[in-house]
Structure formats: C-alpha cells, structure tokens
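> The following file, coords.csv, comprises CSV, C-alpha atoms:
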chain,number,residue,atom,x,y,z
A,1,MET,CA,-54.9,-31.6,-68.3
A,2,LYS,CA,-54.6,-35.3,-67.3
A,3,ASN,CA,-51.5,-37.0,-68.6
A,4,LYS,CA,-51.2,-40.5,-70.0
A,5,GLN,CA,-50.8,-43.2,-67.4
A,6,ILE,CA,-49.9,-46.8,-67.4
A,7,LYS,CA,-51.9,-49.4,-65.4
A,8,LYS,CA,-49.8,-51.9,-63.5
A,9,ALA,CA,-50.5,-54.6,-60.9
A,10,ILE,CA,-47.8,-53.8,-58.3
A,11,THR,CA,-47.2,-53.9,-54.5
A,12,GLY,CA,-47.1,-50.9,-52.3
A,13,GLY,CA,-43.4,-51.2,-51.7
A,14,PHE,CA,-42.7,-51.4,-55.5
A,15,ALA,CA,-45.1,-48.5,-56.2
A,16,VAL,CA,-43.3,-46.3,-53.7
A,17,GLY,CA,-39.9,-47.4,-55.1
A,18,GLU,CA,-41.2,-46.5,-58.6
A,19,ALA,CA,-42.2,-43.1,-57.5
A,20,ILE,CA,-38.8,-42.5,-56.0
A,21,ARG,CA,-37.2,-43.7,-59.3
A,22,GLN,CA,-39.3,-41.2,-61.2
A,23,ILE,CA,-38.3,-38.4,-58.9
A,24,ASN,CA,-34.7,-39.5,-59.1
A,25,PRO,CA,-33.4,-37.9,-55.9
A,26,ASP,CA,-29.8,-36.9,-55.5
A,27,VAL,CA,-29.3,-39.1,-52.5
A,28,MET,CA,-31.0,-42.1,-51.0
A,29,ALA,CA,-29.6,-43.4,-47.7
A,30,VAL,CA,-30.7,-47.1,-47.3
A,31,TYR,CA,-30.9,-49.6,-44.5
A,32,PRO,CA,-33.3,-52.5,-44.9
A,33,ILE,CA,-36.0,-53.2,-42.3
A,34,THR,CA,-39.2,-55.2,-42.6
A,35,PRO,CA,-41.7,-54.2,-44.0
A,36,GLN,CA,-40.1,-51.3,-45.9
A,37,THR,CA,-37.3,-53.4,-47.5
A,38,PRO,CA,-39.1,-53.8,-50.9
A,39,ILE,CA,-38.9,-50.1,-51.4
A,40,VAL,CA,-35.1,-49.8,-51.2
A,41,GLU,CA,-34.7,-53.2,-52.9
A,42,TYR,CA,-36.7,-52.1,-55.9
A,43,PHE,CA,-35.1,-48.7,-56.1
A,44,ALA,CA,-31.5,-50.0,-55.7
A,45,GLN,CA,-32.1,-52.4,-58.6
A,46,GLU,CA,-33.4,-49.6,-60.7
A,47,VAL,CA,-30.3,-47.5,-60.0
A,48,ALA,CA,-28.1,-50.6,-60.8
A,49,ASP,CA,-30.0,-51.0,-64.1
A,50,GLY,CA,-29.3,-47.4,-65.0
A,51,ASN,CA,-32.9,-46.3,-64.7
A,52,ALA,CA,-32.1,-43.7,-62.0
A,53,TYR,CA,-28.9,-41.8,-61.1
A,54,THR,CA,-29.2,-41.4,-57.4
A,55,GLU,CA,-26.2,-41.7,-55.1
A,56,ILE,CA,-27.2,-44.6,-52.9
A,57,ILE,CA,-25.6,-44.6,-49.5
A,58,PRO,CA,-25.8,-48.1,-47.9
A,59,VAL,CA,-25.4,-47.3,-44.2
A,60,GLU,CA,-24.9,-49.5,-41.2
A,61,SER,CA,-28.0,-48.3,-39.2
A,62,GLU,CA,-31.1,-46.3,-39.4
A,63,HIS,CA,-29.5,-43.6,-37.2
A,64,SER,CA,-26.8,-43.3,-39.9
A,65,ALA,CA,-29.5,-43.2,-42.6
A,66,MET,CA,-31.2,-40.2,-41.2
A,67,SER,CA,-27.8,-38.6,-40.4
A,68,ALA,CA,-26.7,-39.1,-44.0
A,69,CYS,CA,-29.9,-37.5,-45.2
A,70,ILE,CA,-29.5,-34.5,-42.9
A,71,GLY,CA,-25.9,-34.0,-44.2
A,72,SER,CA,-26.8,-34.4,-47.8
A,73,ALA,CA,-29.9,-32.2,-47.6
A,74,ALA,CA,-27.9,-29.5,-45.8
A,75,ALA,CA,-25.5,-29.6,-48.6
A,76,GLY,CA,-28.3,-28.9,-51.1
A,77,ALA,CA,-29.2,-32.4,-52.3
A,78,ARG,CA,-32.7,-33.8,-52.7
A,79,SER,CA,-32.5,-36.6,-50.1
A,80,MET,CA,-34.7,-39.6,-49.2
A,81,THR,CA,-34.8,-42.7,-47.1
A,82,ALA,CA,-37.3,-45.3,-45.9
A,83,SER,CA,-37.9,-47.0,-42.6
A,84,SER,CA,-40.2,-48.8,-40.2
A,85,SER,CA,-40.7,-49.6,-36.5
A,86,GLN,CA,-37.4,-50.2,-34.6
A,87,GLY,CA,-35.6,-48.4,-37.4
A,88,ILE,CA,-37.5,-45.2,-36.7
A,89,MET,CA,-36.9,-45.8,-33.0
A,90,TYR,CA,-33.1,-46.0,-33.7
A,91,MET,CA,-33.1,-42.8,-35.8
A,92,MET,CA,-35.4,-41.0,-33.3
A,93,GLU,CA,-32.6,-38.7,-32.1
A,94,MET,CA,-32.1,-37.3,-35.6
A,95,LEU,CA,-35.8,-36.7,-36.6
A,96,PRO,CA,-36.3,-33.4,-34.7
A,97,ILE,CA,-32.9,-32.2,-36.0
A,98,ALA,CA,-34.1,-32.7,-39.6
A,99,SER,CA,-37.2,-30.5,-39.0
A,100,ALA,CA,-35.3,-27.9,-36.8
A,101,MET,CA,-32.9,-27.4,-39.7
A,102,ARG,CA,-35.9,-27.1,-42.1
A,103,LEU,CA,-34.6,-29.8,-44.4
A,104,PRO,CA,-37.1,-31.2,-46.9
A,105,ILE,CA,-36.2,-34.9,-46.4
A,106,VAL,CA,-38.7,-37.5,-47.5
A,107,MET,CA,-38.9,-40.8,-45.6
A,108,ALA,CA,-41.3,-43.4,-46.9
A,109,VAL,CA,-42.7,-45.3,-43.9
A,110,SER,CA,-44.2,-48.8,-44.0
A,111,THR,CA,-45.8,-48.7,-40.6
A,112,ARG,CA,-45.1,-51.5,-38.2
A,113,ALA,CA,-45.6,-52.4,-34.5
A,114,ILE,CA,-42.9,-51.3,-32.1
A,115,SER,CA,-41.2,-54.0,-29.9
A,116,GLY,CA,-41.8,-55.5,-27.4
A,117,PRO,CA,-42.6,-58.1,-27.8
A,118,LEU,CA,-41.0,-58.4,-31.2
A,119,ASN,CA,-43.6,-58.0,-34.0
A,120,ILE,CA,-43.0,-57.3,-37.7
A,121,HIS,CA,-46.6,-56.7,-38.7
A,122,GLY,CA,-48.4,-53.4,-39.3
A,123,ASP,CA,-49.9,-51.0,-36.9
A,124,HIS,CA,-49.3,-47.2,-36.4
A,125,SER,CA,-47.1,-47.3,-33.3
A,126,ASP,CA,-44.0,-46.1,-35.2
A,127,ALA,CA,-45.8,-43.2,-37.0
A,128,MET,CA,-47.4,-42.0,-33.8
A,129,ALA,CA,-44.1,-42.1,-31.9
A,130,MET,CA,-42.7,-39.4,-34.3
A,131,ARG,CA,-45.9,-37.3,-34.6
A,132,ASP,CA,-44.5,-34.3,-32.5
A,133,PHE,CA,-41.1,-34.0,-34.1
A,134,GLY,CA,-42.0,-31.5,-36.8
A,135,TRP,CA,-42.5,-34.0,-39.6
A,136,ILE,CA,-45.5,-33.7,-42.0
A,137,GLN,CA,-47.3,-37.0,-42.1
A,138,LEU,CA,-49.6,-38.4,-44.8
A,139,PHE,CA,-51.5,-41.7,-44.6
A,140,ALA,CA,-52.4,-44.0,-47.6
A,141,GLU,CA,-55.5,-46.3,-47.8
A,142,SER,CA,-54.3,-48.0,-50.9
A,143,VAL,CA,-51.2,-48.7,-53.1
A,144,GLN,CA,-52.4,-46.0,-55.5
A,145,GLU,CA,-52.4,-43.5,-52.6
A,146,ALA,CA,-49.0,-44.7,-51.4
A,147,TYR,CA,-47.6,-44.0,-54.9
A,148,ASP,CA,-49.3,-40.6,-55.1
A,149,ASN,CA,-48.4,-39.5,-51.6
A,150,LEU,CA,-44.7,-40.0,-52.2
A,151,ILE,CA,-44.9,-37.7,-55.2
A,152,ILE,CA,-47.1,-35.1,-53.4
A,153,GLY,CA,-45.0,-35.4,-50.3
A,154,THR,CA,-41.8,-34.5,-52.1
A,155,LYS,CA,-43.2,-31.3,-53.5
A,156,LEU,CA,-44.8,-30.5,-50.1
A,157,ALA,CA,-41.5,-31.0,-48.3
A,158,GLU,CA,-39.8,-28.5,-50.6
A,159,LYS,CA,-42.6,-26.0,-50.4
A,160,ALA,CA,-42.9,-26.1,-46.6
A,161,LEU,CA,-39.2,-26.7,-45.9
A,162,LEU,CA,-40.1,-29.5,-43.5
A,163,PRO,CA,-39.4,-33.2,-43.7
A,164,VAL,CA,-42.3,-35.4,-44.8
A,165,ALA,CA,-43.2,-39.0,-43.9
A,166,PRO,CA,-45.7,-40.6,-46.4
A,167,ASN,CA,-47.1,-43.6,-44.4
A,168,MET,CA,-48.6,-46.9,-45.7
A,169,ASP,CA,-49.7,-49.8,-43.6
A,170,GLY,CA,-47.0,-52.5,-43.3
A,171,PHE,CA,-47.7,-55.7,-45.3
A,172,ILE,CA,-51.4,-54.9,-45.8
A,173,THR,CA,-50.5,-52.1,-48.3
A,174,SER,CA,-46.7,-52.5,-48.6
A,175,HIS,CA,-46.8,-56.1,-49.8
A,176,SER,CA,-50.3,-56.3,-51.4
A,177,VAL,CA,-50.7,-56.2,-55.2
A,178,GLU,CA,-53.2,-53.7,-56.5
A,179,ASN,CA,-54.0,-52.0,-59.7
A,180,VAL,CA,-52.2,-48.7,-59.9
A,181,GLU,CA,-52.1,-45.9,-62.4
A,182,ILE,CA,-48.4,-44.9,-62.9
A,183,MET,CA,-47.8,-41.5,-64.4
A,184,THR,CA,-45.1,-41.0,-67.0
A,185,ASP,CA,-41.6,-40.1,-65.9
A,186,GLN,CA,-41.8,-36.7,-67.6
A,187,ALA,CA,-45.1,-35.9,-65.8
A,188,VAL,CA,-43.6,-36.7,-62.4
A,189,LYS,CA,-40.4,-34.8,-63.1
A,190,GLU,CA,-42.3,-31.7,-64.3
A,191,PHE,CA,-44.7,-31.9,-61.3
A,192,VAL,CA,-42.0,-32.0,-58.6
A,193,GLY,CA,-39.7,-29.7,-60.6
A,194,GLU,CA,-35.9,-29.3,-60.2
A,195,TYR,CA,-34.8,-29.1,-56.6
A,196,GLN,CA,-33.7,-25.6,-55.8
A,197,PRO,CA,-32.4,-25.4,-52.2
A,198,THR,CA,-32.8,-22.1,-50.5
A,199,GLN,CA,-29.9,-22.4,-48.0
A,200,THR,CA,-26.9,-24.8,-48.3
A,201,LEU,CA,-23.6,-25.5,-46.7
A,202,PHE,CA,-21.9,-24.8,-50.0
A,203,ASP,CA,-23.1,-21.2,-50.4
A,204,PHE,CA,-19.6,-19.7,-50.1
A,205,ASN,CA,-20.7,-16.2,-51.0
A,206,GLU,CA,-23.0,-16.2,-47.9
A,207,PRO,CA,-21.5,-18.7,-45.4
A,208,LYS,CA,-23.9,-20.1,-42.8
A,209,THR,CA,-23.8,-22.2,-39.7
A,210,PHE,CA,-26.1,-25.2,-39.5
A,211,GLY,CA,-27.0,-27.0,-36.3
A,212,ALA,CA,-25.4,-24.6,-33.9
A,213,ILE,CA,-26.3,-24.6,-30.2
A,214,ALA,CA,-29.3,-22.4,-29.3
A,215,LEU,CA,-29.4,-20.9,-25.8
A,216,PRO,CA,-32.6,-19.8,-24.1
A,217,GLU,CA,-32.6,-16.4,-25.9
A,218,SER,CA,-33.0,-18.2,-29.3
A,219,TYR,CA,-34.1,-21.8,-28.8
A,220,PHE,CA,-37.8,-20.8,-28.3
A,221,ASN,CA,-37.7,-18.8,-31.6
A,222,PHE,CA,-36.3,-21.8,-33.5
A,223,ARG,CA,-39.0,-24.1,-32.3
A,224,LYS,CA,-41.7,-21.5,-33.0
A,225,GLN,CA,-40.5,-21.2,-36.6
A,226,VAL,CA,-41.0,-25.0,-37.0
A,227,TYR,CA,-44.5,-24.6,-35.5
A,228,ASP,CA,-45.4,-21.8,-37.9
A,229,ALA,CA,-44.1,-23.7,-40.9
A,230,MET,CA,-46.2,-26.7,-39.9
A,231,GLN,CA,-49.3,-24.5,-39.6
A,232,GLU,CA,-48.7,-23.1,-43.0
A,233,ALA,CA,-48.2,-26.6,-44.5
A,234,GLU,CA,-51.9,-27.3,-44.6
A,235,SER,CA,-52.6,-24.6,-47.2
A,236,LYS,CA,-49.5,-25.6,-49.2
A,237,PHE,CA,-50.8,-29.2,-49.3
A,238,LEU,CA,-54.2,-28.1,-50.7
A,239,GLU,CA,-52.4,-26.1,-53.4
A,240,ILE,CA,-50.3,-29.1,-54.3
A,241,VAL,CA,-53.1,-31.7,-54.5
A,242,SER,CA,-55.1,-29.3,-56.6
A,243,ASP,CA,-52.2,-29.2,-59.1
A,244,PHE,CA,-51.8,-33.0,-58.8
A,245,GLU,CA,-55.4,-33.5,-59.8
A,246,LYS,CA,-54.9,-31.7,-63.0
A,247,ILE,CA,-52.2,-34.1,-64.2
A,248,SER,CA,-53.4,-37.3,-62.6
A,249,GLY,CA,-57.2,-37.0,-62.5
A,250,ARG,CA,-57.1,-38.0,-58.8
A,251,LYS,CA,-58.7,-35.7,-56.3
A,252,TYR,CA,-57.3,-35.5,-52.8
A,253,ASP,CA,-58.1,-33.4,-49.7
A,254,LEU,CA,-57.0,-33.1,-46.1
A,255,VAL,CA,-59.7,-35.6,-45.2
A,256,GLU,CA,-62.0,-37.8,-47.3
A,257,SER,CA,-65.7,-37.9,-46.4
A,258,TYR,CA,-67.5,-41.1,-47.3
A,259,GLN,CA,-71.3,-41.2,-47.1
A,260,LEU,CA,-71.4,-38.3,-44.6
A,261,ASP,CA,-74.2,-36.2,-46.0
A,262,ASP,CA,-76.9,-37.5,-43.7
A,263,ALA,CA,-74.8,-39.8,-41.5
A,264,GLU,CA,-75.8,-40.3,-37.8
A,265,LYS,CA,-72.9,-42.5,-36.9
A,266,VAL,CA,-69.4,-42.0,-38.3
A,267,ILE,CA,-66.1,-43.8,-37.9
A,268,VAL,CA,-62.8,-41.8,-38.1
A,269,ALA,CA,-59.8,-43.8,-39.2
A,270,MET,CA,-56.5,-43.7,-41.2
A,271,GLY,CA,-54.8,-46.1,-43.5
A,272,SER,CA,-55.8,-49.4,-45.2
A,273,THR,CA,-58.6,-50.1,-42.7
A,274,CYS,CA,-60.6,-47.4,-44.4
A,275,GLY,CA,-61.3,-49.8,-47.3
A,276,THR,CA,-62.9,-52.3,-44.9
A,277,ILE,CA,-64.9,-49.6,-43.3
A,278,LYS,CA,-66.2,-48.3,-46.7
A,279,ALA,CA,-67.4,-51.8,-47.6
A,280,THR,CA,-69.2,-52.0,-44.2
A,281,VAL,CA,-70.7,-48.6,-44.7
A,282,ASP,CA,-72.1,-49.7,-48.1
A,283,LYS,CA,-73.6,-52.8,-46.6
A,284,LEU,CA,-75.2,-51.0,-43.7
A,285,ARG,CA,-76.5,-48.3,-46.0
A,286,GLY,CA,-78.2,-51.0,-48.0
A,287,ARG,CA,-80.1,-51.9,-44.8
A,288,GLY,CA,-81.1,-48.2,-44.3
A,289,GLN,CA,-78.6,-47.3,-41.6
A,290,LYS,CA,-77.2,-43.8,-41.8
A,291,VAL,CA,-73.5,-44.5,-41.3
A,292,GLY,CA,-70.3,-43.1,-42.8
A,293,LEU,CA,-66.5,-42.7,-42.7
A,294,LEU,CA,-64.1,-39.8,-42.3
A,295,LYS,CA,-60.7,-40.8,-43.5
A,296,ILE,CA,-57.7,-38.7,-42.4
A,297,ARG,CA,-55.2,-38.2,-45.1
A,298,LEU,CA,-53.1,-35.4,-43.7
A,299,PHE,CA,-52.4,-36.3,-40.1
A,300,ARG,CA,-49.7,-33.7,-39.3
A,301,PRO,CA,-50.4,-30.9,-39.4
A,302,TRP,CA,-53.7,-31.9,-37.8
A,303,PRO,CA,-56.6,-30.5,-40.0
A,304,VAL,CA,-58.7,-29.2,-37.1
A,305,GLU,CA,-61.2,-27.1,-39.1
A,306,ALA,CA,-61.7,-29.8,-41.8
A,307,VAL,CA,-62.5,-32.4,-39.2
A,308,TYR,CA,-64.8,-30.1,-37.3
A,309,GLN,CA,-66.8,-29.2,-40.5
A,310,ALA,CA,-67.1,-32.8,-41.5
A,311,LEU,CA,-68.3,-34.1,-38.1
A,312,LYS,CA,-70.0,-31.1,-36.4
A,313,ASP,CA,-73.6,-32.4,-37.0
A,314,VAL,CA,-72.9,-36.1,-36.5
A,315,GLU,CA,-74.6,-37.7,-33.5
A,316,GLN,CA,-72.1,-40.5,-32.7
A,317,VAL,CA,-68.4,-40.4,-33.6
A,318,PHE,CA,-66.2,-43.5,-33.3
A,319,VAL,CA,-62.5,-43.0,-33.6
A,320,LEU,CA,-60.2,-46.0,-34.5
A,321,ASP,CA,-56.6,-45.9,-33.3
A,322,LYS,CA,-54.1,-48.5,-34.6
A,323,ASN,CA,-51.8,-47.8,-31.8
A,324,LEU,CA,-51.9,-47.8,-28.0
A,325,SER,CA,-51.1,-44.8,-25.7
A,326,PHE,CA,-50.6,-45.7,-22.0
A,327,GLY,CA,-52.1,-43.7,-19.2
A,328,THR,CA,-53.9,-41.2,-21.4
A,329,SER,CA,-56.4,-40.9,-24.3
A,330,GLN,CA,-55.5,-42.4,-27.7
A,331,VAL,CA,-53.7,-40.2,-30.2
A,332,LEU,CA,-56.3,-39.9,-33.1
A,333,ALA,CA,-59.2,-40.0,-30.7
A,334,GLY,CA,-57.7,-37.1,-28.7
A,335,ASN,CA,-57.1,-35.1,-31.8
A,336,VAL,CA,-60.7,-35.6,-32.9
A,337,GLU,CA,-61.9,-34.5,-29.5
A,338,ILE,CA,-59.8,-31.4,-29.8
A,339,ALA,CA,-61.5,-30.6,-33.1
A,340,LEU,CA,-65.1,-31.3,-31.9
A,341,LYS,CA,-64.7,-30.1,-28.3
A,342,ARG,CA,-67.0,-32.9,-27.2
A,343,PRO,CA,-66.6,-36.6,-26.1
A,344,ILE,CA,-66.3,-39.3,-28.8
A,345,ASN,CA,-66.1,-43.1,-28.7
A,346,SER,CA,-62.5,-44.3,-28.8
A,347,VAL,CA,-61.6,-47.8,-30.0
A,348,VAL,CA,-58.1,-49.3,-30.2
A,349,TYR,CA,-57.7,-52.0,-32.9
A,350,GLY,CA,-55.2,-53.8,-35.1
A,351,LEU,CA,-52.2,-53.9,-32.7
A,352,GLY,CA,-49.4,-56.0,-34.1
A,353,GLY,CA,-51.2,-56.4,-37.4
A,354,ARG,CA,-54.4,-58.1,-36.0
A,355,GLU,CA,-57.0,-58.0,-38.7
A,356,ILE,CA,-60.3,-56.3,-38.5
A,357,SER,CA,-63.3,-57.7,-40.4
A,358,GLU,CA,-66.5,-56.0,-41.7
A,359,GLU,CA,-68.4,-57.8,-39.0
A,360,GLU,CA,-66.2,-56.2,-36.4
A,361,VAL,CA,-66.6,-52.8,-37.9
A,362,GLU,CA,-70.4,-53.3,-37.8
A,363,LYS,CA,-70.1,-54.1,-34.1
A,364,ILE,CA,-68.3,-50.8,-33.6
A,365,PHE,CA,-71.1,-48.9,-35.3
A,366,THR,CA,-73.7,-50.7,-33.0
A,367,GLY,CA,-71.7,-50.0,-29.9
A,368,GLU,CA,-71.1,-53.6,-29.1
A,369,VAL,CA,-67.3,-52.9,-29.2
A,370,ARG,CA,-66.0,-50.4,-26.7
A,371,SER,CA,-62.4,-49.2,-26.0
A,372,PHE,CA,-60.6,-52.3,-27.4
A,373,LEU,CA,-61.3,-54.6,-30.3
A,374,ILE,CA,-59.5,-57.7,-29.1
How does the structure come out when it is put into structure tokens?

Amino acid sequence: MKNKQIKKAITGGFAVGEAIRQINPDVMAVYPITPQTPIVEYFAQEVADGNAYTEIIPVESEHSAMSACIGSAAAGARSMTASSSQGIMYMMEMLPIASAMRLPIVMAVSTRAISGPLNIHGDHSDAMAMRDFGWIQLFAESVQEAYDNLIIGTKLAEKALLPVAPNMDGFITSHSVENVEIMTDQAVKEFVGEYQPTQTLFDFNEPKTFGAIALPESYFNFRKQVYDAMQEAESKFLEIVSDFEKISGRKYDLVESYQLDDAEKVIVAMGSTCGTIKATVDKLRGRGQKVGLLKIRLFRPWPVEAVYQALKDVEQVFVLDKNLSFGTSQVLAGNVEIALKRPINSVVYGLGGREISEEEVEKIFTGEVRSFLI
C-alpha cells in the first residue's frame, strides 16, 4: 500500500541528504569535495539541529573517510559516506577492502570528471574507475531517482553484504532543483529496517579475525565469494524494488525500456542524459521514426540477460559512454557488446561536463556522429 508522501522542490544533493537523515545511520564519515558537498552539508546540519542522531566523523581525507567506514561497519555500525572524483581516487586503496570484508557501506557519489586537467564538472570517469572493486553501482536519471536509490541501495547493501554506490550526475542532478516525492520518516525506517549485522568485531562469544592476510591457498576463495555475492545481488535488487513499489508507487527495474516495442534504432545510456534522450525520442517518434532508449539503472552487477532481452531484435544500437577508456573499447559499450554478442555503435560524450543537446542526440540516431561527440 502506497504511503503518504510530501512533494518538495529540492536539489539532488539535498534529496540524498534527506534520505540519509531518514535512514539515520550509526556513522557518517564526511570529507567535502565538489560536487557531493551539499549532501554532507545538508546532513550535518540536520544532525546539528537534532533531526538525526548519527555519529558524524569529520576526517582529514577521503582515504580516512572510507577507512572510518570500514572500521565502524566491521564493528557492527550502519555506515555511510559520500564522495566524487579525486576523493574516490584518494580512497581507491580502501574500496576493494570494503567489498572483500563484505561490509554493507553506502557511499553516495556525485559523479565528476577525473583530473587532469582539473575539472569539477560531471562525467562518469570516477564511477567507472571503481567498477571492478566489488561495489554494487546504481545510476539515477533524476533527483527523484537519486533519493530513491539511496534508500534502495541501503537495503540492498545489507541484503547482499556488499558496499553500494548510488550515483547521480554531478551538478546536472546534484545541484538541480526538481520536484520530488519524499516519503515519511516512518515509511523509510520500516522499509530499510533495523540494522542487524551478521558478523562484528564485538562478538566476544565467537571472536573473529577481520582483514587478515590471505595466502594463495585462500585468496582465490575470498575473491570468488565476492564474485558470487555480486551475481546474487541482481535478484536481491529485484525483490527490493518490488517491495519499494508497494510503499512508494514508483516502479523500478534493472533497466528501463523507453519506446522499445517496435524500435529499429536504440540508444543505451545511464544517468541524467536519459531525460534528454527521451525528449528526442518523443520528437522523432512524432515524425514517424522508430527510435527508443534503454536506460541502465543497475550497472554493477551488469544485467546481461535484461540487456539482451531488451535489445536482441533491435537493428541498430548506439551506446553512449560518459567516460573515456584509453587503448580499448569503452566501458558501457563493451558491456553491451558482451550481452548482445554482436557489434554496436559506440559514442563517447559529455567529458568534463560538456552538455549534450536534443539536436546532437538526433545526430547520433542518424549516424552523423560516430565515436566522439565533440
């Protein structure tokens, strides 16, 4: 049964901060970096005002932020942080440790270009850099989805026993004001539930070792366990979004198909750009062109079967990557090719926050743009 919700005009950063306040984690390790700073600013103010009771740890670096989350999560605390770009680069050493220890940490990410040269605007370079570290990754098109993904991601982390990074596009989503339906505090608390850690440092009846060295006889097994947990996370995600729909009225899936039923040309993309693509699809459909969009919501684990089923009958597939891989195929394009087992059209766009217009999306559909939208 759908719960009562309040409509607010709010930025993506504040919406994610509000979701964190409603969850009220035990620990939030904070270090500001553009464009995620509004998340921790909003939440820290809510804690100062007595609207949440989280232990905020103001650390001196992003490496320390993730280290603090690992320590607190291992001790049995529901732990969160937020970061972007160079902050994620700085904490990179700790990211695979969080997943290897099976700690359900949630890190809100406002995606941003990686230096150099220095750039504070939004692309997906930082999110792609951490894609193989055992973190579940969600992508939001809108402020509403950014709010919802933080809540869904928290429950998913604790069901899968893996860390989760809900991503939203830096500035375009994190700093844009949109209408959002905010659920009641009680509805959010009941949905995520009380945190019940399965293994903690403070279980003195059954003492355990965390983070010990693994020699060749055991290291492979540890990594395989993370792999298996990631594979199982897809079905857990589907269960969670089904439950979420019942209380919010908002239906989510691994991917979102837009005008795909008879589509001959389809763009595959993630994040805020999907809104621009939808508007272009509507315009071209009005001219009788059979075009569509496949939006990826759950990026890791990669939903191979869902992508295949959505695109198997499509004649032309164009994949948009908002990051640049050097000396190899692009990340999202390569993943789609794996799912389809046939060549696709790969286009890199939006690096360093460069905007993409409806006219440019139209040129991608017509084949006028190839490889790079510069």
> Can you tell me, as a list of chain:residue names, what residues are no more than 10 Å from Lys278 in chain A when counting only C-alpha atoms, ignoring any on the same chain fewer than 2 positions away?
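Near neighbours after the sequence-gap exclusion: A:Tyr258, A:Gln259, A:Ile267, A:Thr273, A:Cys274, A:Gly275, A:Thr276, A:Thr280, A:Val281, A:Asp282, A:Lys283, A:Leu284, A:Val291, A:Gly292, A:Leu293, A:Leu294, A:Lys295, A:Glu358, A:Val361.
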> Would you save the residues from that selection as a CSV table (one decimal), keeping the file's coordinate frame, using C-alpha atoms?

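selection_21.csv was written with the following content:
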chain,number,residue,atom,x,y,z
A,258,TYR,CA,-67.5,-41.1,-47.3
A,259,GLN,CA,-71.3,-41.2,-47.1
A,267,ILE,CA,-66.1,-43.8,-37.9
A,273,THR,CA,-58.6,-50.1,-42.7
A,274,CYS,CA,-60.6,-47.4,-44.4
A,275,GLY,CA,-61.3,-49.8,-47.3
A,276,THR,CA,-62.9,-52.3,-44.9
A,280,THR,CA,-69.2,-52.0,-44.2
A,281,VAL,CA,-70.7,-48.6,-44.7
A,282,ASP,CA,-72.1,-49.7,-48.1
A,283,LYS,CA,-73.6,-52.8,-46.6
A,284,LEU,CA,-75.2,-51.0,-43.7
A,291,VAL,CA,-73.5,-44.5,-41.3
A,292,GLY,CA,-70.3,-43.1,-42.8
A,293,LEU,CA,-66.5,-42.7,-42.7
A,294,LEU,CA,-64.1,-39.8,-42.3
A,295,LYS,CA,-60.7,-40.8,-43.5
A,358,GLU,CA,-66.5,-56.0,-41.7
A,361,VAL,CA,-66.6,-52.8,-37.9
> Neighbouring residues of Ala73 in chain A were defined as those with any atom within 10 Å, considering all atoms listed in the file; residues of the same chain fewer than 3 positions away were excluded. Please report them as a list in words.
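After dropping sequence-adjacent residues, the list is Asp26, Val27, Ser67, Ala68, Cys69, Ile70, Gly76, Ala77, Arg78, Ser79, Met80, Ala98, Met101, Arg102, Leu103, Pro104, Ile105, Pro197, Gln199, Thr200 and Leu201 of chain A.
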> Need the shell around Phe372 in chain A: protein/DNA/RNA residues with any atom at most 7 Å away, counting only C-alpha atoms. Skip same-chain ones fewer than 5 positions apart. Format as a list of chain:residue names?
A:Val347, A:Val348, A:Tyr349
> Go ahead and save the picked residues with C-alpha atoms, as a short mmCIF file (atom, residue, chain, number, x, y, z; two decimals), in the coordinates of the input.

data_model
loop_
_atom_site.label_atom_id
_atom_site.label_comp_id
_atom_site.auth_asym_id
_atom_site.auth_seq_id
_atom_site.Cartn_x
_atom_site.Cartn_y
_atom_site.Cartn_z
CA VAL A 347 -61.60 -47.80 -30.00
CA VAL A 348 -58.10 -49.30 -30.20
CA TYR A 349 -57.70 -52.00 -32.90
#
> Counting all atoms listed in the file, which residue out of A:Asn167, A:Ser125, A:Thr209, A:Gln196 sits closest to Gln330 in chain A?
A:Ser125
> Tell me, as a list in words, which residues lie within 8 Å of range 227-230 of chain A, counting only C-alpha atoms; anything in the same chain fewer than 5 positions away does not count.
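Close residues of range 227-230 of chain A: Gly134, Ile136, Ala160, Leu161, Leu162, Arg300 and Pro301 of chain A.
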> When distances are computed from all atoms listed in the file, which of A:Ala48, A:Val180, A:Ile277, A:Ile120 shows the smallest separation from Lys363 in chain A?
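Smallest distance to Lys363 in chain A is found for A:Ile277.
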> May I ask for the distance between CA of Glu337 in chain A and CA of Phe220 in chain A, given in Å to one decimal place?
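We find that CA of Glu337 in chain A and CA of Phe220 in chain A lie 27.7 Å from each other.
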> Could you pull out every residue with an atom within 7 Å of (-38.8, -46.6, -55.2), file coordinates, counting all atoms listed in the file, and send them as a ChimeraX atom specification?
/A:14-21,39-40,42-43
> Skip Gly13 in chain A itself and residues of its chain fewer than 6 positions away, then list as a ChimeraX atom specification all residues within 7 Å of it, counting only C-alpha atoms.
/A:36,38-39,174-175
> What does the structure give for the distance between CA of Tyr252 in chain A and CA of Thr198 in chain A, in Å to one decimal?
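Between these atoms lies a distance of 28.0 Å.
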> Could you work out how far CA of Gly271 in chain A lies from CA of Ser115 in chain A, giving the answer in Å with one decimal?
20.8 Å
> Quick one: of A:Lys322, A:Arg223, A:Arg342, A:Lys159, who's nearest to His124 in chain A, counting all atoms listed in the file?
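Among the listed residues, A:Lys322 lies closest to His124 in chain A.
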> Taking only C-alpha atoms into account, name the residue in A:Asp49, A:Glu181, A:Glu145, A:Glu194 that is nearest to Pro25 in chain A.
A:Glu194
